[in-house]
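Shown below: coords_20.tsv, with TSV, C-alpha atoms and all ligand atoms.
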chain	number	residue	atom	x	y	z
A	1	MET	CA	0.42	-4.05	10.19
A	2	THR	CA	1.82	-6.94	12.22
A	3	ALA	CA	4.68	-8.22	10.08
A	4	GLY	CA	8.31	-7.43	10.75
A	5	ILE	CA	10.11	-5.92	7.79
A	6	ILE	CA	13.02	-7.92	6.41
A	7	ASP	CA	15.44	-5.18	5.47
A	8	GLY	CA	17.31	-6.55	2.46
A	9	LYS	CA	19.01	-3.23	1.80
A	10	THR	CA	20.78	-3.19	5.17
A	11	PHE	CA	21.53	-6.92	5.03
A	12	ALA	CA	22.98	-6.58	1.52
A	13	ALA	CA	25.16	-3.65	2.63
A	14	ARG	CA	26.51	-5.88	5.40
A	15	ILE	CA	27.33	-8.65	2.92
A	16	ARG	CA	29.08	-6.17	0.63
A	17	THR	CA	31.16	-4.82	3.51
A	18	GLU	CA	32.06	-8.38	4.53
A	19	VAL	CA	33.05	-9.28	0.96
A	20	ALA	CA	35.19	-6.13	0.70
A	21	ALA	CA	36.95	-7.02	3.95
A	22	HIS	CA	37.74	-10.52	2.64
A	23	VAL	CA	38.95	-9.07	-0.66
A	24	ALA	CA	41.28	-6.67	1.17
A	25	ARG	CA	42.63	-9.46	3.39
A	26	LEU	CA	43.13	-11.83	0.45
A	27	GLY	CA	44.73	-9.04	-1.59
A	28	ALA	CA	47.27	-8.46	1.16
A	29	ALA	CA	47.96	-12.20	1.39
A	30	THR	CA	48.03	-13.11	-2.31
A	31	GLY	CA	48.74	-9.84	-4.13
A	32	THR	CA	45.71	-10.43	-6.38
A	33	ALA	CA	42.05	-9.51	-6.41
A	34	PRO	CA	38.99	-11.41	-7.59
A	35	GLY	CA	37.94	-10.32	-11.08
A	36	LEU	CA	34.41	-10.25	-12.50
A	37	ALA	CA	33.77	-10.01	-16.24
A	38	VAL	CA	30.31	-8.84	-17.30
A	39	VAL	CA	29.25	-9.28	-20.91
A	40	LEU	CA	26.44	-7.14	-22.33
A	41	VAL	CA	25.21	-7.67	-25.87
A	42	GLY	CA	23.01	-4.95	-27.36
A	43	GLU	CA	21.39	-1.82	-25.98
A	44	ASP	CA	18.59	-3.05	-23.72
A	45	PRO	CA	18.10	-0.08	-21.32
A	46	ALA	CA	17.27	-2.18	-18.22
A	47	SER	CA	20.30	-4.41	-18.86
A	48	GLN	CA	22.51	-1.33	-19.20
A	49	VAL	CA	21.35	-0.12	-15.78
A	50	TYR	CA	22.01	-3.55	-14.21
A	51	VAL	CA	25.48	-3.76	-15.78
A	52	ARG	CA	26.37	-0.27	-14.55
A	53	SER	CA	25.36	-1.09	-10.99
A	54	LYS	CA	27.21	-4.44	-11.08
A	55	HIS	CA	30.36	-2.63	-12.23
A	56	ALA	CA	30.08	-0.01	-9.47
A	57	ALA	CA	29.49	-2.66	-6.77
A	58	THR	CA	32.41	-4.78	-8.00
A	59	VAL	CA	34.82	-1.84	-7.89
A	60	GLU	CA	33.49	-0.75	-4.48
A	61	ALA	CA	34.25	-4.24	-3.12
A	62	GLY	CA	37.87	-3.88	-4.27
A	63	MET	CA	37.51	-6.41	-7.09
A	64	ALA	CA	38.59	-6.01	-10.69
A	65	SER	CA	35.69	-5.32	-13.07
A	66	PHE	CA	35.96	-6.18	-16.77
A	67	GLU	CA	33.09	-4.89	-18.88
A	68	HIS	CA	32.53	-6.20	-22.39
A	69	ARG	CA	29.87	-4.30	-24.30
A	70	LEU	CA	29.16	-5.87	-27.66
A	71	PRO	CA	26.90	-4.63	-30.46
A	72	ALA	CA	23.44	-6.17	-30.88
A	73	ALA	CA	24.59	-7.73	-34.17
A	74	THR	CA	27.30	-9.83	-32.45
A	75	THR	CA	27.26	-13.39	-33.78
A	76	GLN	CA	27.09	-16.55	-31.70
A	77	ALA	CA	30.64	-17.42	-32.80
A	78	GLU	CA	31.98	-14.01	-31.74
A	79	LEU	CA	30.30	-14.27	-28.35
A	80	LEU	CA	31.54	-17.83	-27.80
A	81	ALA	CA	35.06	-16.71	-28.74
A	82	LEU	CA	34.92	-13.99	-26.06
A	83	ILE	CA	33.66	-16.51	-23.48
A	84	GLY	CA	36.59	-18.76	-24.43
A	85	ARG	CA	39.07	-15.93	-23.83
A	86	LEU	CA	37.49	-15.08	-20.46
A	87	ASN	CA	37.55	-18.76	-19.45
A	88	ALA	CA	41.29	-18.80	-20.14
A	89	ASP	CA	42.06	-15.45	-18.47
A	90	PRO	CA	43.58	-16.02	-14.99
A	91	ALA	CA	42.56	-12.49	-13.88
A	92	VAL	CA	38.89	-13.38	-14.41
A	93	HIS	CA	37.30	-15.49	-11.67
A	94	GLY	CA	33.65	-14.80	-12.47
A	95	ILE	CA	31.85	-14.44	-15.80
A	96	LEU	CA	28.33	-13.09	-16.12
A	97	VAL	CA	26.48	-12.79	-19.41
A	98	GLN	CA	23.68	-10.29	-18.95
A	99	LEU	CA	20.31	-11.76	-19.99
A	100	PRO	CA	18.21	-11.51	-22.03
A	101	LEU	CA	20.42	-11.89	-25.09
A	102	PRO	CA	19.20	-10.68	-28.50
A	103	ALA	CA	16.86	-13.26	-30.07
A	104	HIS	CA	19.34	-14.51	-32.70
A	105	LEU	CA	21.72	-15.75	-29.97
A	106	ASN	CA	21.33	-19.10	-28.20
A	107	ALA	CA	21.49	-18.21	-24.50
A	108	ASP	CA	21.69	-21.84	-23.30
A	109	ALA	CA	24.71	-22.53	-25.52
A	110	VAL	CA	26.40	-19.33	-24.37
A	111	ILE	CA	25.80	-20.03	-20.66
A	112	ASN	CA	26.99	-23.62	-21.05
A	113	ALA	CA	30.20	-22.40	-22.71
A	114	ILE	CA	31.21	-20.61	-19.49
A	115	ASP	CA	33.70	-22.49	-17.32
A	116	PRO	CA	31.38	-23.79	-14.51
A	117	ALA	CA	33.95	-22.70	-11.92
A	118	LYS	CA	33.58	-19.10	-13.20
A	119	ASP	CA	29.78	-19.28	-13.63
A	120	VAL	CA	28.91	-16.79	-10.87
A	121	ASP	CA	25.26	-16.69	-11.99
A	122	GLY	CA	25.00	-20.43	-11.33
A	123	PHE	CA	23.09	-21.04	-14.58
A	124	HIS	CA	25.51	-23.53	-16.18
A	125	ILE	CA	23.99	-26.99	-16.51
A	126	SER	CA	26.81	-28.43	-14.35
A	127	ASN	CA	26.00	-26.05	-11.51
A	128	VAL	CA	22.29	-26.78	-11.86
A	129	GLY	CA	23.10	-30.50	-11.54
A	130	LEU	CA	25.47	-29.99	-8.63
A	131	LEU	CA	22.85	-27.97	-6.75
A	132	ALA	CA	20.14	-30.55	-7.48
A	133	THR	CA	22.33	-33.37	-6.19
A	134	GLY	CA	23.36	-31.52	-3.03
A	135	GLN	CA	26.96	-30.95	-4.10
A	136	LYS	CA	29.11	-27.83	-3.95
A	137	ALA	CA	27.84	-25.55	-6.74
A	138	MET	CA	27.80	-21.94	-7.80
A	139	VAL	CA	24.29	-20.93	-6.67
A	140	PRO	CA	22.11	-18.42	-8.58
A	141	CYS	CA	22.35	-15.02	-6.89
A	142	THR	CA	18.69	-14.13	-6.30
A	143	PRO	CA	17.68	-17.42	-4.62
A	144	LEU	CA	20.94	-17.38	-2.64
A	145	GLY	CA	20.00	-13.90	-1.39
A	146	CYS	CA	16.52	-15.13	-0.42
A	147	LEU	CA	18.06	-18.08	1.45
A	148	MET	CA	20.39	-15.78	3.39
A	149	LEU	CA	17.45	-13.57	4.42
A	150	LEU	CA	15.43	-16.61	5.51
A	151	ARG	CA	18.28	-18.14	7.50
A	152	ASP	CA	18.95	-14.81	9.16
A	153	ARG	CA	15.30	-14.41	10.11
A	154	LEU	CA	14.38	-17.97	11.02
A	155	GLY	CA	17.61	-19.76	11.87
A	156	SER	CA	16.91	-23.37	10.91
A	157	LEU	CA	14.46	-23.96	8.04
A	158	ALA	CA	14.22	-27.69	8.81
A	159	GLY	CA	10.68	-29.03	8.69
A	160	ALA	CA	9.14	-25.70	7.64
A	161	GLU	CA	6.38	-25.83	5.00
A	162	ALA	CA	7.80	-23.77	2.12
A	163	VAL	CA	5.86	-22.77	-0.97
A	164	VAL	CA	7.69	-21.27	-3.94
A	165	ILE	CA	5.45	-19.66	-6.55
A	166	GLY	CA	7.24	-19.74	-9.90
A	167	ARG	CA	9.37	-22.44	-11.53
A	168	SER	CA	11.85	-20.47	-13.64
A	169	ASN	CA	15.42	-21.69	-13.98
A	170	ILE	CA	16.80	-18.49	-12.50
A	171	VAL	CA	14.59	-18.12	-9.42
A	172	GLY	CA	11.86	-20.66	-8.71
A	173	LYS	CA	13.64	-23.98	-9.31
A	174	PRO	CA	16.96	-23.11	-7.61
A	175	MET	CA	15.02	-21.54	-4.72
A	176	ALA	CA	13.14	-24.80	-4.25
A	177	GLN	CA	16.41	-26.76	-4.35
A	178	LEU	CA	17.98	-24.52	-1.72
A	179	LEU	CA	14.98	-24.82	0.59
A	180	LEU	CA	15.03	-28.58	0.16
A	181	ARG	CA	18.73	-28.62	0.93
A	182	ASP	CA	17.93	-26.81	4.21
A	183	SER	CA	15.35	-29.55	4.93
A	184	ALA	CA	12.18	-27.51	4.38
A	185	THR	CA	9.14	-29.36	2.99
A	186	VAL	CA	8.87	-27.74	-0.42
A	187	THR	CA	5.97	-27.20	-2.80
A	188	VAL	CA	6.53	-25.45	-6.13
A	189	ALA	CA	3.45	-23.68	-7.53
A	190	HIS	CA	3.08	-22.30	-11.06
A	191	SER	CA	0.53	-21.08	-13.56
A	192	ARG	CA	-1.18	-24.49	-13.75
A	193	THR	CA	-1.46	-24.96	-9.99
A	194	ARG	CA	-5.03	-25.63	-8.86
A	195	ASP	CA	-6.28	-23.46	-6.00
A	196	LEU	CA	-3.12	-21.42	-5.54
A	197	ALA	CA	-4.60	-19.65	-2.51
A	198	ALA	CA	-5.06	-22.93	-0.62
A	199	VAL	CA	-1.50	-24.02	-1.50
A	200	CYS	CA	-0.08	-20.69	-0.33
A	201	ARG	CA	-2.03	-20.81	2.95
A	202	ARG	CA	-0.09	-23.94	3.92
A	203	ALA	CA	3.22	-22.07	3.84
A	204	ASP	CA	5.33	-21.11	6.83
A	205	ILE	CA	7.72	-19.72	4.18
A	206	LEU	CA	6.18	-18.22	1.05
A	207	VAL	CA	8.46	-17.13	-1.81
A	208	ALA	CA	6.74	-15.29	-4.68
A	209	ALA	CA	8.67	-15.21	-7.98
A	210	VAL	CA	5.96	-14.72	-10.55
A	211	GLY	CA	6.21	-11.32	-12.23
A	212	ARG	CA	2.57	-10.34	-11.60
A	213	PRO	CA	2.04	-7.13	-9.63
A	214	GLU	CA	0.58	-7.68	-6.15
A	215	MET	CA	-1.12	-10.98	-7.02
A	216	ILE	CA	-0.50	-12.52	-3.56
A	217	THR	CA	-3.01	-11.03	-1.15
A	218	GLY	CA	-3.52	-11.29	2.59
A	219	GLU	CA	-6.19	-13.99	2.42
A	220	MET	CA	-3.68	-16.28	0.63
A	221	VAL	CA	-1.18	-16.11	3.51
A	222	LYS	CA	-1.03	-18.07	6.76
A	223	ALA	CA	-0.87	-15.97	9.93
A	224	GLY	CA	2.74	-15.50	10.99
A	225	ALA	CA	4.28	-16.74	7.71
A	226	THR	CA	7.58	-15.38	6.43
A	227	VAL	CA	6.99	-13.88	2.98
A	228	ILE	CA	9.80	-13.28	0.48
A	229	ASP	CA	8.75	-11.14	-2.48
A	230	VAL	CA	11.10	-11.61	-5.43
A	231	GLY	CA	8.89	-9.79	-7.94
A	232	ILE	CA	9.95	-6.53	-9.52
A	233	ASN	CA	7.09	-5.03	-11.49
A	234	ARG	CA	6.93	-1.56	-12.97
A	235	VAL	CA	3.40	-0.14	-12.69
A	236	GLU	CA	1.77	3.25	-12.96
A	237	ARG	CA	-0.10	4.52	-9.87
A	238	ASP	CA	-1.73	7.95	-9.71
A	239	GLY	CA	0.15	8.94	-12.86
A	240	LYS	CA	3.52	7.98	-11.37
A	241	ALA	CA	5.82	5.09	-12.26
A	242	ARG	CA	6.33	2.77	-9.27
A	243	LEU	CA	8.00	-0.53	-8.49
A	244	VAL	CA	5.85	-3.15	-6.80
A	245	GLY	CA	6.39	-6.79	-5.95
A	246	ASP	CA	4.30	-9.88	-6.58
A	247	VAL	CA	2.89	-9.48	-3.07
A	248	ASP	CA	0.21	-6.99	-2.08
A	249	PHE	CA	2.28	-5.49	0.71
A	250	ALA	CA	-0.50	-3.84	2.75
A	251	SER	CA	-2.86	-6.82	3.02
A	252	VAL	CA	-0.07	-9.41	3.46
A	253	ALA	CA	1.83	-7.38	6.06
A	254	ALA	CA	-1.36	-7.44	8.15
A	255	VAL	CA	-1.19	-11.24	8.55
A	256	ALA	CA	2.42	-12.32	7.88
A	257	GLY	CA	5.07	-12.62	10.57
A	258	ALA	CA	7.75	-11.05	8.38
A	259	ILE	CA	7.90	-9.69	4.84
A	260	THR	CA	10.42	-8.28	2.38
A	261	PRO	CA	9.45	-4.89	0.92
A	262	VAL	CA	9.80	-3.94	-2.76
A	263	PRO	CA	12.03	-2.10	-3.30
A	264	GLY	CA	14.57	-2.73	-0.54
A	265	GLY	CA	14.04	-6.45	0.02
A	266	VAL	CA	15.37	-9.14	-2.30
A	267	GLY	CA	16.61	-6.76	-5.03
A	268	PRO	CA	19.74	-5.48	-3.21
A	269	MET	CA	20.63	-9.05	-2.19
A	270	THR	CA	21.11	-10.12	-5.81
A	271	ILE	CA	24.15	-7.90	-6.43
A	272	ALA	CA	25.54	-8.62	-2.95
A	273	CYS	CA	25.37	-12.35	-3.75
A	274	LEU	CA	27.02	-11.80	-7.12
A	275	LEU	CA	29.99	-10.31	-5.26
A	276	ALA	CA	29.88	-13.16	-2.73
A	277	ASN	CA	29.87	-15.72	-5.57
A	278	THR	CA	32.83	-14.00	-7.27
A	279	LEU	CA	34.76	-14.14	-4.00
A	280	THR	CA	33.81	-17.82	-3.60
A	281	ALA	CA	34.97	-18.58	-7.17
A	282	PHE	CA	38.27	-16.80	-6.45
A	283	CYS	CA	38.84	-18.78	-3.24
A	284	ARG	CA	37.97	-22.10	-4.92
A	285	SER	CA	40.27	-21.34	-7.87
A	286	ARG	CA	43.18	-20.91	-5.45
A	287	GLY	CA	42.29	-23.66	-3.02
A	288	LEU	CA	41.68	-21.10	-0.27
A	289	PRO	CA	39.06	-21.65	2.44
A	290	GLU	CA	35.69	-20.18	1.49
A	291	PRO	CA	34.43	-17.31	3.65
A	292	GLU	CA	31.69	-18.51	6.00
A	293	GLY	CA	28.08	-17.44	5.54
A	294	LEU	CA	28.49	-16.27	1.94
A	295	THR	CA	27.57	-19.51	0.17
A	296	ALA	CA	24.73	-22.00	0.45
A	301	LIG	P1	9.48	-16.07	-15.23
A	301	LIG	O1	8.51	-15.31	-16.06
A	301	LIG	O2	10.59	-16.80	-15.87
A	301	LIG	O3	8.67	-17.13	-14.34
A	301	LIG	C1	7.46	-16.79	-13.73
A	301	LIG	C2	6.86	-18.00	-13.05
A	301	LIG	O4	5.64	-17.60	-12.48
A	301	LIG	C3	6.57	-19.15	-14.03
A	301	LIG	O5	7.01	-20.36	-13.47
A	301	LIG	C4	5.05	-19.11	-14.15
A	301	LIG	O6	4.46	-20.39	-14.30
A	301	LIG	C5	4.62	-18.54	-12.82
A	301	LIG	N1	3.32	-17.90	-12.94
A	301	LIG	C6	2.92	-17.00	-13.87
A	301	LIG	N2	1.64	-16.65	-13.64
A	301	LIG	C7	1.23	-17.35	-12.56
A	301	LIG	C8	0.01	-17.42	-11.84
A	301	LIG	N3	-1.06	-16.71	-12.20
A	301	LIG	N4	-0.06	-18.24	-10.79
A	301	LIG	C9	1.01	-18.97	-10.39
A	301	LIG	N5	2.20	-18.93	-11.03
A	301	LIG	C10	2.31	-18.12	-12.10
A	301	LIG	O7	10.00	-15.03	-14.14
A	301	LIG	P2	11.35	-15.01	-13.26
A	301	LIG	O8	11.41	-16.22	-12.40
A	301	LIG	O9	12.49	-14.67	-14.11
A	301	LIG	O10	11.05	-13.72	-12.36
A	301	LIG	C11	9.95	-13.68	-11.47
A	301	LIG	C12	9.87	-12.27	-10.87
A	301	LIG	O11	11.06	-12.04	-10.13
A	301	LIG	C13	9.79	-11.15	-11.89
A	301	LIG	O12	8.99	-10.10	-11.35
A	301	LIG	C14	11.23	-10.66	-12.01
A	301	LIG	O13	11.30	-9.30	-12.37
A	301	LIG	C15	11.68	-10.85	-10.59
A	301	LIG	N6	13.13	-11.03	-10.45
A	301	LIG	C16	13.75	-10.33	-9.47
A	301	LIG	C17	15.09	-10.43	-9.26
A	301	LIG	C18	15.69	-9.65	-8.14
A	301	LIG	O14	16.89	-9.41	-8.17
A	301	LIG	N7	14.93	-9.29	-7.12
A	301	LIG	C19	15.93	-11.29	-10.09
A	301	LIG	C20	15.18	-12.10	-11.04
A	301	LIG	C21	13.82	-11.94	-11.20
A	301	LIG	P3	4.65	-21.30	-15.61
A	301	LIG	O15	6.04	-21.89	-15.48
A	301	LIG	O16	3.58	-22.31	-15.47
A	301	LIG	O17	4.50	-20.39	-16.78
Rewrite the structure from the file as structure tokens, please.
Ligand code: NDP
Amino acid sequence: MTAGIIDGKTFAARIRTEVAAHVARLGAATGTAPGLAVVLVGEDPASQVYVRSKHAATVEAGMASFEHRLPAATTQAELLALIGRLNADPAVHGILVQLPLPAHLNADAVINAIDPAKDVDGFHISNVGLLATGQKAMVPCTPLGCLMLLRDRLGSLAGAEAVVIGRSNIVGKPMAQLLLRDSATVTVAHSRTRDLAAVCRRADILVAAVGRPEMITGEMVKAGATVIDVGINRVERDGKARLVGDVDFASVAAVAGAITPVPGGVGPMTIACLLANTLTAFCRSRGLPEPEGLTA
């Protein structure tokens, strides 16, 4: 193996400690704490795990955590009414609706009902537009985490050839926007891309956000490239359940310059960036200076 390991777990712990320090300082100065409201509709087991860990991380950072667990049969009107109450609540600075929502609910309408200033997931159409036009936005947590890891590893991204595989609204597209904002030369690949391997081999920075276990192999990667593996795929190996990324770690680590492992790479950054975004939303709501290094 030649690649350096990008340790997202340690980096995320550092961000969380930094956020907690800011929260303590701001608490002493203002007598208030940032508050994050998380809304979970239904019983999806993976979502329940995510919501539990978001709650624990929020409390650990010294923030107020408001959990709203609603039954799967909740109507669109009931959910929108809750969002309206959270928008109006001065103790709530960030609102996150855990996705996916049950099929009878319109996720776009729900997300777009959130006050954009409290949209700590960065999915509201206003934040998408602000990011795309290079203005101050709330930035989606996973791509923000990837950007922080890249900046930490590489310093300036200006002029780098970046290839993002995946064009989802939550990872691929905002990732591409962030790389563009940092002056990388960006290509977005997807399921209809011709000769994906050749496109990937151009990349100094390769971000895989596909959802296909280990599909990116060593021969698709340029020597010395920095590889960010966003994928989280549950597979069975030798009769055991395992988590693997979209990148075939062994073959890619043999050629890349640096690589994020799965688990322990991008995953921990997502929650750390959710806390960072909640702190940012709090500071913006009060006209306070935003902590450095925690936003795009
Ligand atoms: P989506 O399913 O929404 O998007 C997947 C993208 O991959 C699509 O744009 C799709 O293209 C593209 N794609 C699918 N097959 C291929 C292929 N054979 N070649 C090239 N491109 C392909 O997934 P998400 O963006 O939501 O998530 C991607 C991965 O990241 C998943 O494994 C998910 O679990 C993980 N994830 C991890 C997070 C973390 O915290 N670490 C957070 C969020 C997601 P097309 O648009 O043409 O269909």
Site check for ligand LIG 301 (chain A): residues at most 6 Å away, all atoms listed in the file, as an MDAnalysis selection string: chainID A and resid 142 165:168 170:172 190:192 209:211 230:233 266:267 270
Selected residues written out, C-alpha atoms, as an mmCIF file, in the coordinates of the input:
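The resulting file, out-v7.cif, is shown below:
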data_model
loop_
_atom_site.group_PDB
_atom_site.id
_atom_site.type_symbol
_atom_site.label_atom_id
_atom_site.label_comp_id
_atom_site.auth_asym_id
_atom_site.auth_seq_id
_atom_site.Cartn_x
_atom_site.Cartn_y
_atom_site.Cartn_z
ATOM 1 C CA THR A 142 18.690 -14.130 -6.300
ATOM 2 C CA ILE A 165 5.450 -19.660 -6.550
ATOM 3 C CA GLY A 166 7.240 -19.740 -9.900
ATOM 4 C CA ARG A 167 9.370 -22.440 -11.530
ATOM 5 C CA SER A 168 11.850 -20.470 -13.640
ATOM 6 C CA ILE A 170 16.800 -18.490 -12.500
ATOM 7 C CA VAL A 171 14.590 -18.120 -9.420
ATOM 8 C CA GLY A 172 11.860 -20.660 -8.710
ATOM 9 C CA HIS A 190 3.080 -22.300 -11.060
ATOM 10 C CA SER A 191 0.530 -21.080 -13.560
ATOM 11 C CA ARG A 192 -1.180 -24.490 -13.750
ATOM 12 C CA ALA A 209 8.670 -15.210 -7.980
ATOM 13 C CA VAL A 210 5.960 -14.720 -10.550
ATOM 14 C CA GLY A 211 6.210 -11.320 -12.230
ATOM 15 C CA VAL A 230 11.100 -11.610 -5.430
ATOM 16 C CA GLY A 231 8.890 -9.790 -7.940
ATOM 17 C CA ILE A 232 9.950 -6.530 -9.520
ATOM 18 C CA ASN A 233 7.090 -5.030 -11.490
ATOM 19 C CA VAL A 266 15.370 -9.140 -2.300
ATOM 20 C CA GLY A 267 16.610 -6.760 -5.030
ATOM 21 C CA THR A 270 21.110 -10.120 -5.810
#
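The protein and nucleic acid residues lying at most 12 Å from Pro45 of chain A are A:Val51, A:Arg52, A:Gln98, A:Leu99, A:Pro100, with all atoms listed in the file considered and sequence neighbours fewer than 6 positions away removed.
Near Ala72 of chain A, within 7 Å and counting all atoms listed in the file, sit A:Val41, A:Gly42, A:Glu43, A:Pro102; same-chain residues fewer than 6 positions away were not included.
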task: Would you mind reading off the distance between atom CA of Lys118 of chain A and atom CA of Asn87 of chain A, one decimal, in Å?
output: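 Atom CA of Asn87 of chain A lies at a distance of 7.4 Å from atom CA of Lys118 of chain A.
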message: Quick one: residues within 12 Å of Ser156 of chain A, all atoms listed in the file, excluding same-chain residues fewer than 4 positions away - as a ChimeraX atom specification?
response: /A:147-152,160,179,181-184,205
